[in-house]
Amino acid sequence: MTDQPNNFETLDPENWEASKALMHQMVNDAFDYVKNIRDRKIWQEIPEDVLNNFNSEIPLKPSSAESVYNDLQKNVLPYPMGNVHPRFWAWYMGNGTISGVMGDFWASIINPNLGGGNHAAHKVEEQVINWIKHIVEFPKSASGLLVSGGSMANYAALAVARNVKAGYDIRTEGLKENNLVFYASTEIHSCNTKAVELLGLGTKGLKKIKTNDDYTININALKQQIQEDKANGLQPICVIGTSGTVNTGAVDNLKAIADICEAENMWFHVDGAIGAIAMLSDKIKPQLSGIERADSVALDLHKWLHMPFEAGCVVIKDKSSHKKTFSLIPEYLEKNTRGLASGDNWFSEFGLQLSRRFRALKIWMSLKEHGSERFGRMISRNVEQAYYLAELVDQHQHLEMLAPIGMDIVCFRFNPGNKELEELNALNKEIKLQLEEQAIALPGYTTLNGAYCIRCAISSHRVTNEDFDVLINEVLRIGKQLLNQ
Ligand SMILES: *Cc1c(COP(=O)(O)O)cnc(C)c1O
């Protein structure tokens, strides 16, 4: 393509060759960035003078793309979140993949809108959803939608659950009487609480059931609460089981929940943001038995499948319920029988979003390049690493585990043995902060029964056992240093 005449202004590059050269440079730099990730600081505080750059006003005039890239290199790239690094174990995140990057790149280049229409990107998303249905052993007739992440996936599923089980046309009527109840364990992720609130049921619409010692939902307590609520005129509509709680990775007894839901005619939803994708791992799959009996499952693909953010998915067994909850076709979205605006099952009829990015492409390309078995092996290795880390903890008298290992999550603390709880909590918090400030590693944290834990969610395809040797040595070093101060 030739360059545009000077007097015709567009947002295309003024000089295609120069722009291409800059992009080649970026690709070189980006691949080195990932390849040499261990050579750079996992995290560092942003200095004042760099922070000041983010206060400048909106640019009115153009700058060269080169100078913009300089700005990125100087002010953004050196201060990462850290999650691409193998020693990042905070919250629960994936590393990303290069094939995912390629997918995102092309998704932005061809830039389709996945609200609907008859074009190949739509077929790619359908295929990815079919693969995910297969992974969680849902039938071909099930439906699904790619969404930003677990929060939106849970929200969509709970909306369908509410509409199906309310027993009247809630889309038309709105909530008639606020007596619908969802159930989950006290370890449920907060996004489900937000979802139930936004569905109009209030926080009281989600009853949190106590857990067993291993942080899985107490099935007897769940049964009792449902009976009690029915006796009091409430309408139990849904149990949310979690496969991989965010605190400790606990997997609820999905079979038992499926039995209860069947007996009570309730919706069975699984929050599998962390663990559902672990169906790919021979090691974890048996623990997830019962997931195939769920009415809906929420998965995150930017967690244990390592997709670049954002990538989540909801699958719903009864496609027509899914569509009934979200489909609304005004005249400007009416379909044709031929041409671009043809085809069934536009994604905008299965969720809140109309305009949707092509997030399926990175998943499609990554799964094609690596194959699902390799992703399964990466998951299994993380599980083995969790046991390796726990073994290191058990070997040392000044370290202790604070919860059973759930899949790939290890909660432990430094405990010299002669401290009160408050002191121990402060000590471990300081250890965790020094680990990140000294750019050694980035474990997460949580509090279990009042005890502050150093929490490692091991969902990296780059991490090796030696990284955990380093972690343990450094925890002990910093711990002892703090004791001597
Ligand atoms: C991360 C997580 C979520 C929320 O998912 P996002 O992708 O962050 O929106 C929901 N449930 C569980 C169990 C999670 O771990």
# chains A, B, ... in the order shown; residues from 1 in each chain; ligands from 1
call {"tool": "residues_near_ligand", "arguments": {"ligand": "ligand 1", "cutoff": "10 Å", "atoms": "only C-alpha atoms and all ligand atoms", "output": "PyMOL selection string"}}
result
chain A and resi 91-93+147-155+187-192+241-251+270-276+298-303+309-313
call {"tool": "residues_around", "arguments": {"residues": "Asn232 in chain A", "least_positions_apart": "6", "cutoff": "12 Å", "atoms": "only C-alpha atoms", "output": "list in words"}}
result
Asn179, Leu180, Val181, Gln225 and Ile226 of chain A
call {"tool": "write_last_selection", "arguments": {"atoms": "C-alpha atoms", "output": "mmCIF file, in the first residue's frame"}}
result
data_model
loop_
_atom_site.group_PDB
_atom_site.id
_atom_site.type_symbol
_atom_site.label_atom_id
_atom_site.label_comp_id
_atom_site.auth_asym_id
_atom_site.auth_seq_id
_atom_site.Cartn_x
_atom_site.Cartn_y
_atom_site.Cartn_z
ATOM 1 C CA ASN A 179 -37.724 -14.590 49.184
ATOM 2 C CA LEU A 180 -35.321 -16.263 46.745
ATOM 3 C CA VAL A 181 -32.183 -17.708 48.305
ATOM 4 C CA GLN A 225 -30.412 -24.529 56.265
ATOM 5 C CA ILE A 226 -32.424 -25.313 53.138
#
call {"tool": "select_by_dssp", "arguments": {"residues": "range 172-271 of chain A", "states": "alpha helix (DSSP H)", "output": "ChimeraX atom specification"}}
result
/A:172-173,190-196,219-231,254-264
call {"tool": "residues_around", "arguments": {"residues": "range 34-39 of chain A", "least_positions_apart": "6", "cutoff": "10 Å", "atoms": "only C-alpha atoms", "output": "list in words"}}
result
Gly82, Val84, His85, Pro86, Arg87, Asn95, Gly96, Thr97, Ile98 and Arg462 of chain A
call {"tool": "select_by_dssp", "arguments": {"residues": "range 271-398 of chain A", "states": "strand (DSSP E or B)", "output": "ChimeraX atom specification"}}
result
/A:271-272,296-300,312-316
call {"tool": "residues_around", "arguments": {"residues": "range 49-53 of chain A", "least_positions_apart": "2", "cutoff": "10 Å", "atoms": "only C-alpha atoms", "output": "VMD selection string"}}
result
chain A and resid 46 to 47 55 to 57 71 74 to 76 79
call {"tool": "residues_around", "arguments": {"residues": "Pro236 in chain A", "least_positions_apart": "6", "cutoff": "10 Å", "atoms": "only C-alpha atoms", "output": "NGL selection string"}}
result
:A and (165-166 or 179-183 or 205-207 or 225-227 or 229-230 or 261 or 264-267)
call {"tool": "write_last_selection", "arguments": {"atoms": "N, CA, C and O atoms", "output": "PDB file, in the first residue's frame"}}
result
ATOM      1  N   LYS A 165     -35.500 -20.393  38.160  1.00  0.00           N
ATOM      2  CA  LYS A 165     -36.050 -20.983  39.374  1.00  0.00           C
ATOM      3  C   LYS A 165     -37.028 -20.074  40.135  1.00  0.00           C
ATOM      4  O   LYS A 165     -37.646 -20.516  41.111  1.00  0.00           O
ATOM      5  N   ALA A 166     -37.166 -18.838  39.707  1.00  0.00           N
ATOM      6  CA  ALA A 166     -38.085 -17.941  40.428  1.00  0.00           C
ATOM      7  C   ALA A 166     -39.517 -18.468  40.362  1.00  0.00           C
ATOM      8  O   ALA A 166     -40.311 -18.271  41.282  1.00  0.00           O
ATOM      9  N   ASN A 179     -37.921 -13.420  48.322  1.00  0.00           N
ATOM     10  CA  ASN A 179     -37.724 -14.590  49.184  1.00  0.00           C
ATOM     11  C   ASN A 179     -36.867 -15.666  48.520  1.00  0.00           C
ATOM     12  O   ASN A 179     -36.835 -16.803  48.943  1.00  0.00           O
ATOM     13  N   LEU A 180     -36.171 -15.294  47.435  1.00  0.00           N
ATOM     14  CA  LEU A 180     -35.321 -16.263  46.745  1.00  0.00           C
ATOM     15  C   LEU A 180     -33.961 -16.337  47.450  1.00  0.00           C
ATOM     16  O   LEU A 180     -33.422 -15.318  47.858  1.00  0.00           O
ATOM     17  N   VAL A 181     -33.443 -17.558  47.568  1.00  0.00           N
ATOM     18  CA  VAL A 181     -32.183 -17.708  48.305  1.00  0.00           C
ATOM     19  C   VAL A 181     -31.172 -18.562  47.536  1.00  0.00           C
ATOM     20  O   VAL A 181     -31.492 -19.643  47.045  1.00  0.00           O
ATOM     21  N   PHE A 182     -29.956 -18.039  47.441  1.00  0.00           N
ATOM     22  CA  PHE A 182     -28.791 -18.785  46.948  1.00  0.00           C
ATOM     23  C   PHE A 182     -28.000 -19.292  48.157  1.00  0.00           C
ATOM     24  O   PHE A 182     -28.021 -18.650  49.217  1.00  0.00           O
ATOM     25  N   TYR A 183     -27.273 -20.401  47.976  1.00  0.00           N
ATOM     26  CA  TYR A 183     -26.462 -20.960  49.055  1.00  0.00           C
ATOM     27  C   TYR A 183     -25.046 -21.204  48.562  1.00  0.00           C
ATOM     28  O   TYR A 183     -24.843 -21.598  47.407  1.00  0.00           O
ATOM     29  N   GLY A 205     -29.731 -12.533  50.280  1.00  0.00           N
ATOM     30  CA  GLY A 205     -30.123 -13.538  49.297  1.00  0.00           C
ATOM     31  C   GLY A 205     -29.072 -14.602  49.058  1.00  0.00           C
ATOM     32  O   GLY A 205     -29.295 -15.543  48.297  1.00  0.00           O
ATOM     33  N   LEU A 206     -27.913 -14.440  49.682  1.00  0.00           N
ATOM     34  CA  LEU A 206     -26.866 -15.480  49.583  1.00  0.00           C
ATOM     35  C   LEU A 206     -26.541 -15.958  50.984  1.00  0.00           C
ATOM     36  O   LEU A 206     -25.916 -15.230  51.761  1.00  0.00           O
ATOM     37  N   LYS A 207     -26.981 -17.164  51.317  1.00  0.00           N
ATOM     38  CA  LYS A 207     -26.697 -17.699  52.661  1.00  0.00           C
ATOM     39  C   LYS A 207     -25.384 -18.442  52.641  1.00  0.00           C
ATOM     40  O   LYS A 207     -25.160 -19.319  51.815  1.00  0.00           O
ATOM     41  N   GLN A 225     -30.044 -25.918  56.545  1.00  0.00           N
ATOM     42  CA  GLN A 225     -30.412 -24.529  56.265  1.00  0.00           C
ATOM     43  C   GLN A 225     -31.510 -24.462  55.206  1.00  0.00           C
ATOM     44  O   GLN A 225     -32.444 -23.671  55.326  1.00  0.00           O
ATOM     45  N   ILE A 226     -31.403 -25.308  54.194  1.00  0.00           N
ATOM     46  CA  ILE A 226     -32.424 -25.313  53.138  1.00  0.00           C
ATOM     47  C   ILE A 226     -33.787 -25.696  53.720  1.00  0.00           C
ATOM     48  O   ILE A 226     -34.810 -25.049  53.437  1.00  0.00           O
ATOM     49  N   GLN A 227     -33.806 -26.724  54.552  1.00  0.00           N
ATOM     50  CA  GLN A 227     -35.084 -27.167  55.149  1.00  0.00           C
ATOM     51  C   GLN A 227     -35.670 -26.079  56.045  1.00  0.00           C
ATOM     52  O   GLN A 227     -36.863 -25.788  56.005  1.00  0.00           O
ATOM     53  N   ASP A 229     -35.138 -22.884  55.895  1.00  0.00           N
ATOM     54  CA  ASP A 229     -35.603 -21.746  55.089  1.00  0.00           C
ATOM     55  C   ASP A 229     -36.937 -22.057  54.423  1.00  0.00           C
ATOM     56  O   ASP A 229     -37.826 -21.204  54.356  1.00  0.00           O
ATOM     57  N   LYS A 230     -37.084 -23.283  53.946  1.00  0.00           N
ATOM     58  CA  LYS A 230     -38.364 -23.661  53.337  1.00  0.00           C
ATOM     59  C   LYS A 230     -39.493 -23.567  54.362  1.00  0.00           C
ATOM     60  O   LYS A 230     -40.584 -23.065  54.063  1.00  0.00           O
ATOM     61  N   CYS A 261     -29.384 -30.569  44.991  1.00  0.00           N
ATOM     62  CA  CYS A 261     -30.082 -29.738  44.001  1.00  0.00           C
ATOM     63  C   CYS A 261     -31.125 -30.554  43.241  1.00  0.00           C
ATOM     64  O   CYS A 261     -32.207 -30.057  42.942  1.00  0.00           O
ATOM     65  N   GLU A 264     -34.085 -31.146  45.590  1.00  0.00           N
ATOM     66  CA  GLU A 264     -34.827 -29.931  45.950  1.00  0.00           C
ATOM     67  C   GLU A 264     -35.256 -29.113  44.729  1.00  0.00           C
ATOM     68  O   GLU A 264     -35.766 -28.000  44.883  1.00  0.00           O
ATOM     69  N   ASN A 265     -34.982 -29.631  43.546  1.00  0.00           N
ATOM     70  CA  ASN A 265     -35.277 -28.881  42.310  1.00  0.00           C
ATOM     71  C   ASN A 265     -34.628 -27.492  42.315  1.00  0.00           C
ATOM     72  O   ASN A 265     -35.243 -26.485  41.990  1.00  0.00           O
ATOM     73  N   MET A 266     -33.367 -27.470  42.716  1.00  0.00           N
ATOM     74  CA  MET A 266     -32.610 -26.208  42.743  1.00  0.00           C
ATOM     75  C   MET A 266     -31.570 -26.219  41.611  1.00  0.00           C
ATOM     76  O   MET A 266     -31.186 -27.259  41.109  1.00  0.00           O
ATOM     77  N   TRP A 267     -31.137 -25.033  41.258  1.00  0.00           N
ATOM     78  CA  TRP A 267     -30.078 -24.864  40.252  1.00  0.00           C
ATOM     79  C   TRP A 267     -28.740 -25.176  40.911  1.00  0.00           C
ATOM     80  O   TRP A 267     -28.481 -24.759  42.035  1.00  0.00           O
TER      81      TRP A 267
END
call {"tool": "closest_residue", "arguments": {"among": "A:Asn345, A:Thr216, A:Ser460, A:Gln287", "to": "Phe88 in chain A", "atoms": "only C-alpha atoms"}}
result
A:Ser460
call {"tool": "closest_residue", "arguments": {"among": "A:Phe105, A:Phe326, A:Tyr332, A:Trp304", "to": "Ser348 in chain A", "atoms": "only C-alpha atoms"}}
result
A:Phe326
call {"tool": "residues_around", "arguments": {"residues": "Ile284 in chain A", "least_positions_apart": "3", "cutoff": "9 Å", "atoms": "only C-alpha atoms", "output": "list of chain:residue names"}}
result
A:Gly275, A:Ala278, A:Met279, A:Leu280, A:Ser281, A:Gln287, A:Leu288, A:Ile379, A:Ser380, A:Val383, A:Met407
call {"tool": "write_last_selection", "arguments": {"atoms": "N, CA, C and O atoms", "output": "PDB file, in the first residue's frame"}}
result
ATOM      1  N   GLY A 275     -10.584 -23.784  39.530  1.00  0.00           N
ATOM      2  CA  GLY A 275     -10.344 -25.212  39.375  1.00  0.00           C
ATOM      3  C   GLY A 275     -11.006 -25.936  38.224  1.00  0.00           C
ATOM      4  O   GLY A 275     -10.598 -27.049  37.895  1.00  0.00           O
ATOM      5  N   ALA A 278      -8.940 -27.415  35.616  1.00  0.00           N
ATOM      6  CA  ALA A 278      -8.081 -28.511  36.067  1.00  0.00           C
ATOM      7  C   ALA A 278      -8.681 -29.876  35.730  1.00  0.00           C
ATOM      8  O   ALA A 278      -8.062 -30.907  35.996  1.00  0.00           O
ATOM      9  N   MET A 279      -9.858 -29.892  35.078  1.00  0.00           N
ATOM     10  CA  MET A 279     -10.359 -31.124  34.469  1.00  0.00           C
ATOM     11  C   MET A 279      -9.328 -31.652  33.470  1.00  0.00           C
ATOM     12  O   MET A 279      -9.339 -32.821  33.114  1.00  0.00           O
ATOM     13  N   LEU A 280      -8.448 -30.774  32.993  1.00  0.00           N
ATOM     14  CA  LEU A 280      -7.403 -31.177  32.047  1.00  0.00           C
ATOM     15  C   LEU A 280      -6.289 -31.974  32.717  1.00  0.00           C
ATOM     16  O   LEU A 280      -5.464 -32.583  32.041  1.00  0.00           O
ATOM     17  N   SER A 281      -6.253 -31.950  34.042  1.00  0.00           N
ATOM     18  CA  SER A 281      -5.180 -32.629  34.771  1.00  0.00           C
ATOM     19  C   SER A 281      -5.663 -33.958  35.341  1.00  0.00           C
ATOM     20  O   SER A 281      -6.634 -33.997  36.092  1.00  0.00           O
ATOM     21  N   GLN A 287     -11.116 -35.283  41.700  1.00  0.00           N
ATOM     22  CA  GLN A 287     -11.668 -34.414  42.753  1.00  0.00           C
ATOM     23  C   GLN A 287     -12.853 -33.590  42.262  1.00  0.00           C
ATOM     24  O   GLN A 287     -13.632 -33.092  43.061  1.00  0.00           O
ATOM     25  N   LEU A 288     -12.922 -33.386  40.959  1.00  0.00           N
ATOM     26  CA  LEU A 288     -13.947 -32.507  40.403  1.00  0.00           C
ATOM     27  C   LEU A 288     -15.196 -33.276  39.975  1.00  0.00           C
ATOM     28  O   LEU A 288     -16.133 -32.700  39.416  1.00  0.00           O
ATOM     29  N   ILE A 379      -0.702 -27.924  34.739  1.00  0.00           N
ATOM     30  CA  ILE A 379      -1.533 -27.879  35.945  1.00  0.00           C
ATOM     31  C   ILE A 379      -1.054 -28.937  36.932  1.00  0.00           C
ATOM     32  O   ILE A 379      -0.849 -28.652  38.126  1.00  0.00           O
ATOM     33  N   SER A 380      -0.823 -30.139  36.439  1.00  0.00           N
ATOM     34  CA  SER A 380      -0.372 -31.222  37.328  1.00  0.00           C
ATOM     35  C   SER A 380       0.965 -30.876  37.976  1.00  0.00           C
ATOM     36  O   SER A 380       1.187 -31.158  39.154  1.00  0.00           O
ATOM     37  N   VAL A 383       0.526 -28.665  40.883  1.00  0.00           N
ATOM     38  CA  VAL A 383       0.016 -29.398  42.049  1.00  0.00           C
ATOM     39  C   VAL A 383       1.171 -30.111  42.752  1.00  0.00           C
ATOM     40  O   VAL A 383       1.307 -30.055  43.985  1.00  0.00           O
ATOM     41  N   MET A 407      -5.611 -28.134  45.844  1.00  0.00           N
ATOM     42  CA  MET A 407      -5.071 -28.108  44.479  1.00  0.00           C
ATOM     43  C   MET A 407      -3.642 -27.561  44.448  1.00  0.00           C
ATOM     44  O   MET A 407      -2.700 -28.299  44.659  1.00  0.00           O
TER      45      MET A 407
END
call {"tool": "residues_around", "arguments": {"residues": "range 386-393 of chain A", "least_positions_apart": "5", "cutoff": "9 Å", "atoms": "only C-alpha atoms", "output": "number ranges by chain"}}
result
A: 381, 398-401, 405-413, 456-458, 465, 468-469, 472
call {"tool": "atom_distance", "arguments": {"atom1": "CA of Ala90 in chain A", "atom2": "CA of His396 in chain A"}}
result
22.7 Å
call {"tool": "closest_residue", "arguments": {"among": "A:Gly450, A:Gly200, A:Gly144, A:Pro404", "to": "Trp131 in chain A", "atoms": "only C-alpha atoms"}}
result
A:Gly144
call {"tool": "atom_distance", "arguments": {"atom1": "CA of Arg374 in chain A", "atom2": "CA of Asn83 in chain A"}}
result
20.6 Å
call {"tool": "atom_distance", "arguments": {"atom1": "CA of Pro80 in chain A", "atom2": "CA of Ile454 in chain A"}}
result
21.3 Å
call {"tool": "closest_residue", "arguments": {"among": "A:Lys204, A:Ser185, A:Trp346, A:Ala65", "to": "Asn220 in chain A", "atoms": "only C-alpha atoms"}}
result
A:Ser185
call {"tool": "closest_residue", "arguments": {"among": "A:His322, A:Arg356, A:Lys480, A:Arg377", "to": "Asn163 in chain A", "atoms": "only C-alpha atoms"}}
result
A:His322
